[in-house]
Every structure is written in structure tokens, then in C-alpha cells.
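Source file: protein_22.cif. Holds: mmCIF, C-alpha atoms.
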data_upload
#
loop_
_atom_site.group_PDB
_atom_site.id
_atom_site.type_symbol
_atom_site.label_atom_id
_atom_site.label_comp_id
_atom_site.auth_asym_id
_atom_site.auth_seq_id
_atom_site.Cartn_x
_atom_site.Cartn_y
_atom_site.Cartn_z
ATOM 1 C CA MET A 1 121.009 68.621 51.234
ATOM 2 C CA ALA A 2 118.812 65.873 52.674
ATOM 3 C CA THR A 3 118.156 67.970 55.748
ATOM 4 C CA ALA A 4 116.947 70.914 53.647
ATOM 5 C CA ILE A 5 114.592 68.673 51.691
ATOM 6 C CA VAL A 6 113.081 67.203 54.894
ATOM 7 C CA ARG A 7 112.538 70.727 56.344
ATOM 8 C CA SER A 8 110.792 71.892 53.167
ATOM 9 C CA ALA A 9 108.503 68.869 53.265
ATOM 10 C CA LYS A 10 107.461 69.624 56.879
ATOM 11 C CA ASN A 11 106.663 73.259 56.042
ATOM 12 C CA PHE A 12 104.559 72.230 53.090
ATOM 13 C CA ARG A 13 102.710 69.714 55.276
ATOM 14 C CA ASN A 14 101.881 72.415 57.922
ATOM 15 C CA LEU A 15 100.708 74.838 55.268
ATOM 16 C CA HIS A 16 98.445 72.194 53.798
ATOM 17 C CA GLN A 17 96.891 71.408 57.231
ATOM 18 C CA ARG A 18 96.172 75.097 57.897
ATOM 19 C CA PHE A 19 94.477 75.487 54.558
ATOM 20 C CA TYR A 20 92.427 72.351 55.175
ATOM 21 C CA PHE A 21 91.177 73.494 58.627
ATOM 22 C CA HIS A 22 90.334 76.981 57.278
ATOM 23 C CA THR A 23 88.293 75.470 54.472
ATOM 24 C CA LEU A 24 86.494 73.167 56.926
ATOM 25 C CA LEU A 25 85.568 76.018 59.263
ATOM 26 C CA THR A 26 84.336 78.104 56.403
ATOM 27 C CA LYS A 27 82.007 75.365 55.252
ATOM 28 C CA CYS A 28 80.629 74.603 58.738
ATOM 29 C CA ARG A 29 79.949 78.282 59.804
ATOM 30 C CA PRO A 30 76.296 79.368 59.133
ATOM 31 C CA PRO A 31 75.890 82.274 56.780
ATOM 32 C CA ILE A 32 75.215 85.697 58.413
ATOM 33 C CA PRO A 33 72.063 87.202 56.962
ATOM 34 C CA SER A 34 72.398 90.702 55.622
ATOM 35 C CA PRO A 35 70.110 93.372 57.055
ATOM 36 C CA THR A 36 66.786 93.569 55.321
ATOM 37 C CA ILE A 37 65.159 96.628 53.826
ATOM 38 C CA ALA A 38 62.528 96.651 56.605
ATOM 39 C CA ASP A 39 65.256 96.798 59.256
ATOM 40 C CA ASN A 40 66.921 99.747 57.529
ATOM 41 C CA ILE A 41 63.607 101.571 57.195
ATOM 42 C CA GLN A 42 62.735 100.880 60.821
ATOM 43 C CA HIS A 43 66.064 102.142 62.203
ATOM 44 C CA ARG A 44 66.005 105.265 60.050
ATOM 45 C CA ALA A 45 62.312 106.159 60.497
ATOM 46 C CA LEU A 46 61.951 105.341 64.208
ATOM 47 C CA PRO A 47 63.603 108.570 65.501
ATOM 48 C CA LEU A 48 61.428 110.657 63.171
ATOM 49 C CA ILE A 49 58.272 108.873 64.347
ATOM 50 C CA GLN A 50 59.236 109.461 67.980
ATOM 51 C CA GLN A 51 59.502 113.209 67.298
ATOM 52 C CA ALA A 52 56.235 113.397 65.334
ATOM 53 C CA ILE A 53 53.967 111.312 67.603
ATOM 54 C CA PRO A 54 53.459 112.620 71.212
ATOM 55 C CA PHE A 55 54.372 110.203 73.905
ATOM 56 C CA GLY A 56 51.427 108.357 75.373
ATOM 57 C CA ILE A 57 49.033 108.687 72.377
ATOM 58 C CA GLY A 58 49.342 105.409 70.561
ATOM 59 C CA PHE A 59 53.174 105.552 70.312
ATOM 60 C CA GLN A 60 53.810 102.361 72.254
ATOM 61 C CA SER A 61 51.309 100.446 70.141
ATOM 62 C CA PHE A 62 52.869 101.914 66.973
ATOM 63 C CA VAL A 63 56.357 100.774 67.971
ATOM 64 C CA ALA A 64 55.034 97.347 68.913
ATOM 65 C CA ASP A 65 53.353 96.974 65.529
ATOM 66 C CA GLN A 66 56.550 98.037 63.752
ATOM 67 C CA ARG A 67 58.607 95.522 65.731
ATOM 68 C CA PHE A 68 56.064 92.814 65.052
ATOM 69 C CA SER A 69 55.986 93.524 61.312
ATOM 70 C CA SER A 70 59.793 93.741 61.060
ATOM 71 C CA THR A 71 60.151 90.439 62.906
ATOM 72 C CA SER A 72 57.652 88.812 60.595
ATOM 73 C CA THR A 73 59.442 90.232 57.553
ATOM 74 C CA THR A 74 62.832 89.057 58.765
ATOM 75 C CA THR A 75 61.515 85.592 59.516
ATOM 76 C CA GLY A 76 59.923 85.341 56.106
ATOM 77 C CA THR A 77 63.127 86.478 54.412
ATOM 78 C CA VAL A 78 65.269 83.900 56.195
ATOM 79 C CA GLN A 79 62.813 81.153 55.434
ATOM 80 C CA SER A 80 62.702 82.137 51.782
ATOM 81 C CA GLY A 81 66.536 82.077 51.704
ATOM 82 C CA HIS A 82 66.698 78.476 52.953
ATOM 83 C CA SER A 83 63.698 77.087 51.102
ATOM 84 C CA LYS A 84 63.250 77.157 47.360
ATOM 85 C CA PRO A 85 59.707 77.255 46.037
ATOM 86 C CA ASN A 86 59.576 74.421 43.512
ATOM 87 C CA SER A 87 55.917 74.629 42.528
ATOM 88 C CA GLU A 88 52.892 76.865 42.341
ATOM 89 C CA GLY A 89 51.372 75.095 45.329
ATOM 90 C CA GLY A 90 54.207 76.270 47.505
ATOM 91 C CA ASP A 91 53.529 79.866 46.553
ATOM 92 C CA LYS A 92 49.831 79.470 47.393
ATOM 93 C CA SER A 93 50.608 77.948 50.749
ATOM 94 C CA GLY A 94 52.968 80.835 51.489
ATOM 95 C CA ASP A 95 50.264 83.361 50.566
ATOM 96 C CA SER A 96 47.721 81.568 52.742
ATOM 97 C CA ASN A 97 50.105 81.540 55.704
ATOM 98 C CA GLN A 98 50.744 85.241 55.246
ATOM 99 C CA SER A 99 47.028 86.013 55.142
ATOM 100 C CA LYS A 100 46.474 83.977 58.312
ATOM 101 C CA SER A 101 49.233 85.823 60.087
ATOM 102 C CA ASP A 102 47.764 89.158 58.959
ATOM 103 C CA THR A 103 44.309 88.098 60.161
ATOM 104 C CA GLY A 104 45.530 87.213 63.654
ATOM 105 C CA LYS A 105 47.491 90.425 64.011
ATOM 106 C CA PRO A 106 45.816 92.718 66.654
ATOM 107 C CA ILE A 107 44.529 96.063 65.381
ATOM 108 C CA ARG A 108 44.556 98.862 67.950
ATOM 109 C CA GLY A 109 42.504 102.009 67.425
ATOM 110 C CA GLY A 110 42.694 105.477 68.968
ATOM 111 C CA PRO A 111 41.796 106.293 72.606
ATOM 112 C CA ILE A 112 38.284 107.591 71.611
ATOM 113 C CA SER A 113 36.146 105.852 69.047
ATOM 114 C CA TRP A 114 33.368 107.405 67.017
ATOM 115 C CA LEU A 115 30.777 105.372 68.933
ATOM 116 C CA SER A 116 31.920 106.631 72.329
ATOM 117 C CA PHE A 117 32.020 110.220 71.010
ATOM 118 C CA LEU A 118 28.469 109.860 69.690
ATOM 119 C CA LEU A 119 27.228 108.482 73.027
ATOM 120 C CA LEU A 120 28.909 111.339 74.873
ATOM 121 C CA ALA A 121 27.276 113.939 72.617
ATOM 122 C CA LEU A 122 23.846 112.348 73.009
ATOM 123 C CA THR A 123 24.227 112.257 76.792
ATOM 124 C CA GLY A 124 25.204 115.950 76.939
ATOM 125 C CA ALA A 125 22.282 116.937 74.731
ATOM 126 C CA GLY A 126 19.902 114.974 76.949
ATOM 127 C CA ILE A 127 21.171 116.667 80.096
ATOM 128 C CA ILE A 128 20.785 120.136 78.549
ATOM 129 C CA TRP A 129 17.261 119.328 77.375
ATOM 130 C CA TYR A 130 16.266 118.035 80.818
ATOM 131 C CA TYR A 131 17.677 121.135 82.540
ATOM 132 C CA ASP A 132 15.795 123.497 80.187
ATOM 133 C CA LYS A 133 12.584 121.546 80.679
ATOM 134 C CA GLU A 134 12.828 121.676 84.478
ATOM 135 C CA LYS A 135 13.669 125.390 84.355
ATOM 136 C CA GLU A 136 10.611 126.188 82.233
ATOM 137 C CA GLN A 137 8.384 124.134 84.508
ATOM 138 C CA HIS A 138 9.732 125.893 87.601
ATOM 139 C CA ILE A 139 9.118 129.319 86.037
ATOM 140 C CA GLU A 140 5.564 128.324 85.118
ATOM 141 C CA GLU A 141 4.901 127.169 88.683
ATOM 142 C CA ILE A 142 6.172 130.480 90.082
ATOM 143 C CA ASN A 143 4.032 132.481 87.658
ATOM 144 C CA SER A 144 0.915 130.459 88.398
ATOM 145 C CA ALA A 145 1.513 130.750 92.138
ATOM 146 C CA SER A 146 1.949 134.534 91.916
ATOM 147 C CA GLN A 147 -1.237 134.857 89.853
ATOM 148 C CA ALA A 148 -3.111 132.748 92.369
ATOM 149 C CA VAL A 149 -1.932 135.029 95.176
ATOM 150 C CA LYS A 150 -2.962 138.171 93.268
ATOM 151 C CA GLN A 151 -6.414 136.782 92.551
ATOM 152 C CA GLY A 152 -6.990 135.640 96.105
ATOM 153 C CA PRO A 153 -9.193 137.480 98.620
ATOM 154 C CA SER A 154 -7.876 140.312 100.752
ATOM 155 C CA VAL A 155 -6.555 139.345 104.172
ATOM 156 C CA GLY A 156 -7.927 142.503 105.800
ATOM 157 C CA LYS A 157 -6.224 144.930 108.147
ATOM 158 C CA ALA A 158 -3.493 144.118 110.604
ATOM 159 C CA ALA A 159 -4.643 143.333 114.132
ATOM 160 C CA ILE A 160 -2.818 146.302 115.690
ATOM 161 C CA GLY A 161 -4.365 148.626 118.245
ATOM 162 C CA GLY A 162 -7.290 148.349 120.605
ATOM 163 C CA PRO A 163 -8.789 149.833 123.735
ATOM 164 C CA PHE A 164 -6.486 151.145 126.470
ATOM 165 C CA LYS A 165 -6.617 153.188 129.652
ATOM 166 C CA LEU A 166 -3.653 155.417 130.604
ATOM 167 C CA ILE A 167 -2.734 158.711 132.266
ATOM 168 C CA ASN A 168 -1.603 161.750 130.288
ATOM 169 C CA HIS A 169 1.172 164.160 131.318
ATOM 170 C CA ASP A 170 -1.446 166.369 133.020
ATOM 171 C CA GLY A 171 -2.543 163.515 135.302
ATOM 172 C CA LYS A 172 -5.881 162.850 133.577
ATOM 173 C CA ASN A 173 -7.183 159.403 132.677
ATOM 174 C CA VAL A 174 -7.497 158.916 128.963
ATOM 175 C CA THR A 175 -8.652 156.103 126.665
ATOM 176 C CA GLU A 176 -8.570 155.485 122.934
ATOM 177 C CA LYS A 177 -11.903 157.333 122.671
ATOM 178 C CA ASP A 178 -10.200 160.618 123.497
ATOM 179 C CA PHE A 179 -8.357 160.405 120.173
ATOM 180 C CA LEU A 180 -11.365 159.728 117.951
ATOM 181 C CA GLY A 181 -11.825 162.161 115.067
ATOM 182 C CA LYS A 182 -8.110 162.946 114.843
ATOM 183 C CA TRP A 183 -5.170 161.568 112.929
ATOM 184 C CA THR A 184 -2.738 160.288 115.540
ATOM 185 C CA VAL A 185 0.878 159.139 115.396
ATOM 186 C CA ILE A 186 1.965 157.040 118.408
ATOM 187 C CA TYR A 187 5.567 156.365 119.442
ATOM 188 C CA PHE A 188 6.675 154.028 122.288
ATOM 189 C CA GLY A 189 9.828 154.904 124.284
ATOM 190 C CA PHE A 190 11.094 156.012 127.686
ATOM 191 C CA THR A 191 12.342 159.296 129.114
ATOM 192 C CA HIS A 192 15.778 157.959 130.131
ATOM 193 C CA CYS A 193 16.590 156.904 126.588
ATOM 194 C CA PRO A 194 20.011 158.378 125.734
ATOM 195 C CA ASP A 195 19.762 158.952 121.980
ATOM 196 C CA ILE A 196 17.218 156.999 119.914
ATOM 197 C CA CYS A 197 14.038 158.266 121.549
ATOM 198 C CA PRO A 198 15.054 161.953 121.421
ATOM 199 C CA ASP A 199 16.016 161.607 117.761
ATOM 200 C CA GLU A 200 12.733 159.927 116.833
ATOM 201 C CA LEU A 201 10.626 162.446 118.743
ATOM 202 C CA GLN A 202 12.421 165.366 117.105
ATOM 203 C CA LYS A 203 11.780 163.784 113.710
ATOM 204 C CA LEU A 204 8.097 163.288 114.593
ATOM 205 C CA ALA A 205 7.720 166.910 115.748
ATOM 206 C CA ALA A 206 9.317 168.245 112.530
ATOM 207 C CA ALA A 207 7.105 165.966 110.387
ATOM 208 C CA VAL A 208 3.958 167.213 112.195
ATOM 209 C CA ASP A 209 4.842 170.823 111.356
ATOM 210 C CA LYS A 210 5.743 169.907 107.772
ATOM 211 C CA ILE A 211 2.441 168.082 107.241
ATOM 212 C CA LYS A 212 0.507 171.067 108.558
ATOM 213 C CA GLU A 213 2.441 173.410 106.297
ATOM 214 C CA ASN A 214 2.139 171.338 103.116
ATOM 215 C CA SER A 215 -1.380 169.903 103.412
ATOM 216 C CA GLY A 216 -3.089 171.677 106.283
ATOM 217 C CA ILE A 217 -3.727 168.382 108.101
ATOM 218 C CA ASP A 218 -3.504 168.399 111.892
ATOM 219 C CA ILE A 219 -1.653 165.451 113.383
ATOM 220 C CA VAL A 220 -1.733 164.576 117.076
ATOM 221 C CA PRO A 221 1.659 163.159 118.225
ATOM 222 C CA ALA A 222 1.574 160.842 121.243
ATOM 223 C CA PHE A 223 4.387 159.409 123.365
ATOM 224 C CA ILE A 224 3.699 156.251 125.444
ATOM 225 C CA SER A 225 6.264 155.212 128.036
ATOM 226 C CA VAL A 226 7.468 151.607 128.306
ATOM 227 C CA ASP A 227 9.238 152.346 131.593
ATOM 228 C CA PRO A 228 6.342 152.864 134.062
ATOM 229 C CA GLU A 229 8.557 152.359 137.104
ATOM 230 C CA ARG A 230 10.556 155.553 136.493
ATOM 231 C CA ASP A 231 8.355 157.544 134.088
ATOM 232 C CA THR A 232 5.934 159.233 136.412
ATOM 233 C CA VAL A 233 3.433 161.866 135.324
ATOM 234 C CA GLU A 234 5.805 164.687 136.310
ATOM 235 C CA GLN A 235 8.736 163.024 134.527
ATOM 236 C CA VAL A 236 6.728 162.603 131.347
ATOM 237 C CA ARG A 237 5.432 166.199 131.499
ATOM 238 C CA GLU A 238 8.918 167.673 131.632
ATOM 239 C CA TYR A 239 10.078 165.347 128.905
ATOM 240 C CA VAL A 240 7.433 166.060 126.246
ATOM 241 C CA LYS A 241 7.821 169.826 126.603
ATOM 242 C CA GLU A 242 11.258 169.584 125.024
ATOM 243 C CA PHE A 243 9.930 168.417 121.643
ATOM 244 C CA HIS A 244 6.567 169.848 120.596
ATOM 245 C CA PRO A 245 3.698 171.698 122.272
ATOM 246 C CA LYS A 246 1.126 169.279 120.825
ATOM 247 C CA LEU A 247 3.001 166.173 121.958
ATOM 248 C CA ILE A 248 0.909 164.163 124.444
ATOM 249 C CA GLY A 249 2.763 162.048 127.017
ATOM 250 C CA LEU A 250 1.097 158.901 128.369
ATOM 251 C CA THR A 251 2.095 156.551 131.166
ATOM 252 C CA GLY A 252 0.403 154.078 133.480
ATOM 253 C CA SER A 253 0.857 151.066 135.698
ATOM 254 C CA PRO A 254 3.048 148.135 134.611
ATOM 255 C CA ASP A 255 -0.060 146.080 133.733
ATOM 256 C CA GLU A 256 -1.585 148.889 131.680
ATOM 257 C CA ILE A 257 1.636 149.428 129.772
ATOM 258 C CA ARG A 258 1.941 145.691 129.191
ATOM 259 C CA ASN A 259 -1.596 145.501 127.802
ATOM 260 C CA ILE A 260 -1.222 148.369 125.357
ATOM 261 C CA ALA A 261 2.200 147.127 124.232
ATOM 262 C CA ARG A 262 0.669 143.738 123.494
ATOM 263 C CA ALA A 263 -2.200 145.362 121.589
ATOM 264 C CA TYR A 264 0.214 147.352 119.390
ATOM 265 C CA ARG A 265 2.729 144.472 118.995
ATOM 266 C CA VAL A 266 5.484 146.449 120.726
ATOM 267 C CA TYR A 267 8.517 144.682 122.171
ATOM 268 C CA TYR A 268 10.241 146.080 125.280
ATOM 269 C CA MET A 269 12.531 144.620 127.933
ATOM 270 C CA LYS A 270 14.908 145.893 130.590
ATOM 271 C CA THR A 271 18.618 145.424 129.954
ATOM 272 C CA ALA A 272 21.541 145.233 132.451
ATOM 273 C CA GLU A 273 20.512 146.824 135.710
ATOM 274 C CA GLU A 274 22.913 148.668 138.016
ATOM 275 C CA ASP A 275 21.110 150.144 141.027
ATOM 276 C CA SER A 276 18.342 152.332 139.561
ATOM 277 C CA ASP A 277 20.128 153.105 136.271
ATOM 278 C CA TYR A 278 19.098 150.779 133.451
ATOM 279 C CA LEU A 279 18.017 150.906 129.828
ATOM 280 C CA VAL A 280 14.971 149.514 128.064
ATOM 281 C CA ASP A 281 15.276 147.741 124.762
ATOM 282 C CA HIS A 282 12.137 148.378 122.671
ATOM 283 C CA SER A 283 10.692 148.564 119.168
ATOM 284 C CA ILE A 284 11.443 151.736 117.205
ATOM 285 C CA VAL A 285 8.189 152.221 115.301
ATOM 286 C CA MET A 286 5.664 155.016 114.720
ATOM 287 C CA TYR A 287 2.002 153.990 114.248
ATOM 288 C CA LEU A 288 -0.339 156.062 112.089
ATOM 289 C CA MET A 289 -3.888 155.737 113.447
ATOM 290 C CA SER A 290 -7.018 156.862 111.618
ATOM 291 C CA PRO A 291 -9.698 159.141 113.147
ATOM 292 C CA LYS A 292 -11.458 155.892 114.149
ATOM 293 C CA MET A 293 -8.293 154.846 116.006
ATOM 294 C CA GLU A 294 -7.701 152.067 113.501
ATOM 295 C CA PHE A 295 -4.223 151.131 112.382
ATOM 296 C CA VAL A 296 -3.255 152.500 108.944
ATOM 297 C CA LYS A 297 0.525 152.124 108.572
ATOM 298 C CA PHE A 298 3.738 152.060 110.586
ATOM 299 C CA PHE A 299 6.957 153.947 109.857
ATOM 300 C CA GLY A 300 10.370 152.692 110.941
ATOM 301 C CA LYS A 301 13.612 154.357 111.890
ATOM 302 C CA ASN A 302 14.844 154.402 108.286
ATOM 303 C CA ASN A 303 12.444 157.255 107.399
ATOM 304 C CA ASP A 304 13.693 160.826 107.627
ATOM 305 C CA VAL A 305 11.523 163.909 108.177
ATOM 306 C CA ASN A 306 10.593 164.337 104.510
ATOM 307 C CA SER A 307 9.789 160.701 103.824
ATOM 308 C CA LEU A 308 7.809 160.468 107.073
ATOM 309 C CA ALA A 309 5.749 163.586 106.274
ATOM 310 C CA ASP A 310 5.166 162.559 102.644
ATOM 311 C CA GLY A 311 4.238 159.017 103.670
ATOM 312 C CA ILE A 312 1.674 160.207 106.197
ATOM 313 C CA ILE A 313 0.105 162.637 103.706
ATOM 314 C CA LYS A 314 -0.093 159.908 101.083
ATOM 315 C CA GLU A 315 -1.810 157.479 103.456
ATOM 316 C CA ILE A 316 -4.315 160.102 104.602
ATOM 317 C CA LYS A 317 -5.256 160.985 101.003
ATOM 318 C CA GLN A 318 -5.742 157.341 100.084
ATOM 319 C CA TYR A 319 -7.822 156.792 103.218
ATOM 320 C CA LYS A 320 -10.213 159.640 102.342
ATOM 321 C CA ARG A 321 -10.997 158.247 98.846
#

Show me, as C-alpha cells, the structure contained in the file I just sent.
Amino acid sequence: MATAIVRSAKNFRNLHQRFYFHTLLTKCRPPIPSPTIADNIQHRALPLIQQAIPFGIGFQSFVADQRFSSTSTTTGTVQSGHSKPNSEGGDKSGDSNQSKSDTGKPIRGGPISWLSFLLLALTGAGIIWYYDKEKEQHIEEINSASQAVKQGPSVGKAAIGGPFKLINHDGKNVTEKDFLGKWTVIYFGFTHCPDICPDELQKLAAAVDKIKENSGIDIVPAFISVDPERDTVEQVREYVKEFHPKLIGLTGSPDEIRNIARAYRVYYMKTAEEDSDYLVDHSIVMYLMSPKMEFVKFFGKNNDVNSLADGIIKEIKQYKR
């Protein structure tokens, strides 16, 4: 019986110690604050904000502001839980502290402000205005320059032609005076020319006949060789017979050919030479000369028979006015 009583006393003593230590721990443990309303709103609204706001356009600053405000709210809640406002002065001091904290809080705007947008617009408008002004000034300068050229004096006739002394295909000496009183078309070439010279002389012969048929004007065609070393009088005679009966062939010494080519601004030069077979590179131009043996106009390779005949007739009619 005594043993049972002693055992019951020990059990009661242990139970009392456990209850005492549990009560002591409960009193010493700090209270766990419950989540605030701001925390709940932040955790629920943050995923929606991340979906609505594109990444990189103010999102990081938005999240930072939310974290800063939630931290401030939590801190204020904890402080209000531990401290009890006893007077109206405490409330005023709390309001003043809150206003100070709000004043020091950084405010971040968008990436482009209204001031920068206004400056950008003004700069663009200034550039456009400057470009239009320079364009108008440039156009005015061109117009004034063209009017000045039109109102200027005539520059006169081209310095083409002059006296010469050559030999015709009959072996007779001729000069520019032998062509006075006649409309003459002169072509420079050489008898060994493979294709260009024959084509141009055929075109000239057809244009001479066409001019005679359409207007009744007699044209004297003349062929002057730029290859005096091979184009002898006999060679030139046989050559001109193949194109037109009125075609006059002229040749001469190298110095005489050089002088007349310089007077008529004709370019010619030998190309690759193999033994006695070579070609001569030369200008492909026909010169229309007046009855005074003055230069009127030149016609290039781009003219066909019709345009050549019509161009010569037109120049002759304008010359007679």
C-alpha cells in the first residue's frame, strides 16, 4: 500500500513539472504575426501583374515599389501591435513619420517623358524645314543659272574645217575651193576597213539619192582616207566605184592627211600590226559642209538612211533662211 502511494506521488510530480515547463515556454516564445492584408494582395495580384505588364517596361520598378510598400506596411503593423497610442500626440507623430517616409520614396516615371518627346518633335520639324529651305534655294540657283545661260551671247560656230590640199581618185590635186558652191558631206575612213566604212558609205550613198528625190538638192559625197600608206590613188579609185558614181575619193601624203584630220577634229591611229595587214581606229562621223565650205553639222553612226537624209534637208532649209 505504501509503495503504491509513493509511485502515485512521483507520477503526479512529473506531470506537474511537464505542465510547468510547457507554460514557461509558451510565455517566453514571441508571438508569430499573422499575414497582413497587403501581403495577401501582393501574393495574389503579382502573377496577374506579371502577365499584364510586358517584361522590361517598368515591371522591375513596379515590383520594387510593391515590395517596398509591403515592407513598410508590415513594419508599421508590427510596430502598432507592440505599441499602444496613448495620446493624440502619438497619432500626429505617426502621421508625420508616414508623410516623411512617403516623401523620401523614389518616384520612377516611364522610359520617355513628355519633355523629351516634345524636344524630339521640335528637332524633326527643324530638320524638315531646313531640308525644304535648302531644296528651294538649290532649285532657284539652277533656274537662275539656266536663264543666265539662255540670255548669254552666242558662242559662234564650231572651229571645224579649213584649207587642205589633197589628190582625188583621178590623180588631180584638189583643195577646199573645188567644193565651193556645193553642199558636201565628208566621211573619213580607209579602204581596208572590214565592215564599218562600207556600211557608212552605203548609208551615205542611199541618203544622197533620197535627198535628191525628196527635195531636189544635189549633195556631193566625199571620202578621205586616213591610211595614206596603203590607200594609193588607184586603190581609192577602185574603192569608191563600189558605192556611188558621185562619190569623190581623196588621199594624200601622211602630213597632208594629218593636217586635214586635225582641222576636222578627226581621230585616227593604227592598231596591232602584223606584216602589212593592220587596221586603223578612227572617228565615225559625217560632216555636212555648206557651199562656203563651212561646217554646219555632223552626223554619227546612230543615224540611219532616213534620219540622215531628213537631217541634212532640215539643216539646208534652215541655212537658206

### Query
Please, which residues are within 10 Å of (-6.9, 153.9, 110.4) by the file's coordinates, counting all atoms listed in the file, and could they come as a PyMOL selection string?
chain A and resi 157+161+183-184+287-297+315-316+319

### Task
Compare A:Ser116, A:Asn214, A:Thr123, A:Asn173 by their minimum atom-to-atom distance to Asp310 (chain A), counting all atoms listed in the file, and give me the closest one.
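Ranking A:Ser116, A:Asn214, A:Thr123, A:Asn173 by distance to Asp310 (chain A), first place goes to A:Asn214.
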
### Task
Between CA of Ser113 (chain A) and CA of Tyr131 (chain A), measure the distance and give it in Å to one decimal.
27.5 Å

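Residues matching the PyMOL selection byres ((chain A and resi 172) around 12) in this structure come to A:Lys165, A:Leu166, A:Ile167, A:Asn168, A:His169, A:Asp170, A:Gly171, A:Asn173, A:Val174, A:Thr175, A:Asp178, A:Val233, A:Arg237, A:Ile248, A:Gly249, A:Leu250, A:Thr251, A:Gly252.
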
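Once the PyMOL selection byres ((chain A and resi 254) around 10) is applied to the depicted file, the selected set reads Val226, Asp227, Pro228, Glu229, Thr251, Gly252, Ser253, Asp255, Glu256, Ile257, Arg258 and Asn259 of chain A.
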
Only C-alpha atoms, please: the residues just picked out, written as a PDB file, keeping the file's coordinate frame.
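Written output follows (selection-v9.pdb):
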ATOM      1  CA  VAL A 226       7.468 151.607 128.306  1.00  0.00           C
ATOM      2  CA  ASP A 227       9.238 152.346 131.593  1.00  0.00           C
ATOM      3  CA  PRO A 228       6.342 152.864 134.062  1.00  0.00           C
ATOM      4  CA  GLU A 229       8.557 152.359 137.104  1.00  0.00           C
ATOM      5  CA  THR A 251       2.095 156.551 131.166  1.00  0.00           C
ATOM      6  CA  GLY A 252       0.403 154.078 133.480  1.00  0.00           C
ATOM      7  CA  SER A 253       0.857 151.066 135.698  1.00  0.00           C
ATOM      8  CA  ASP A 255      -0.060 146.080 133.733  1.00  0.00           C
ATOM      9  CA  GLU A 256      -1.585 148.889 131.680  1.00  0.00           C
ATOM     10  CA  ILE A 257       1.636 149.428 129.772  1.00  0.00           C
ATOM     11  CA  ARG A 258       1.941 145.691 129.191  1.00  0.00           C
ATOM     12  CA  ASN A 259      -1.596 145.501 127.802  1.00  0.00           C
TER      13      ASN A 259
END

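Evaluated on this file, the PyMOL selection byres ((chain A and resi 300) around 7) matches A:Ile284, A:Val285, A:Met286, A:Phe298, A:Phe299, A:Lys301, A:Asn302, A:Asn303.
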
### Query
CA of Asn306 (chain A) to CA of Leu279 (chain A): how many Å, to one decimal?
29.6 Å

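Distances to Lys203 (chain A) were evaluated for A:Phe243, A:Lys320, A:Ile219, A:Ser225 using only C-alpha atoms, and the minimum falls at A:Phe243.
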
### Task
Using only C-alpha atoms, pick whichever of A:Phe188, A:Arg262, A:Leu204, A:Leu120 has the shortest atom-to-atom distance to Ile312 (chain A).
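Result for the nearest residue to Ile312 (chain A): A:Leu204.
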
### Query
To one decimal place, how far is CA of Val240 (chain A) from CA of Thr191 (chain A) in Å?
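Here the two named atoms are 8.8 Å from each other.
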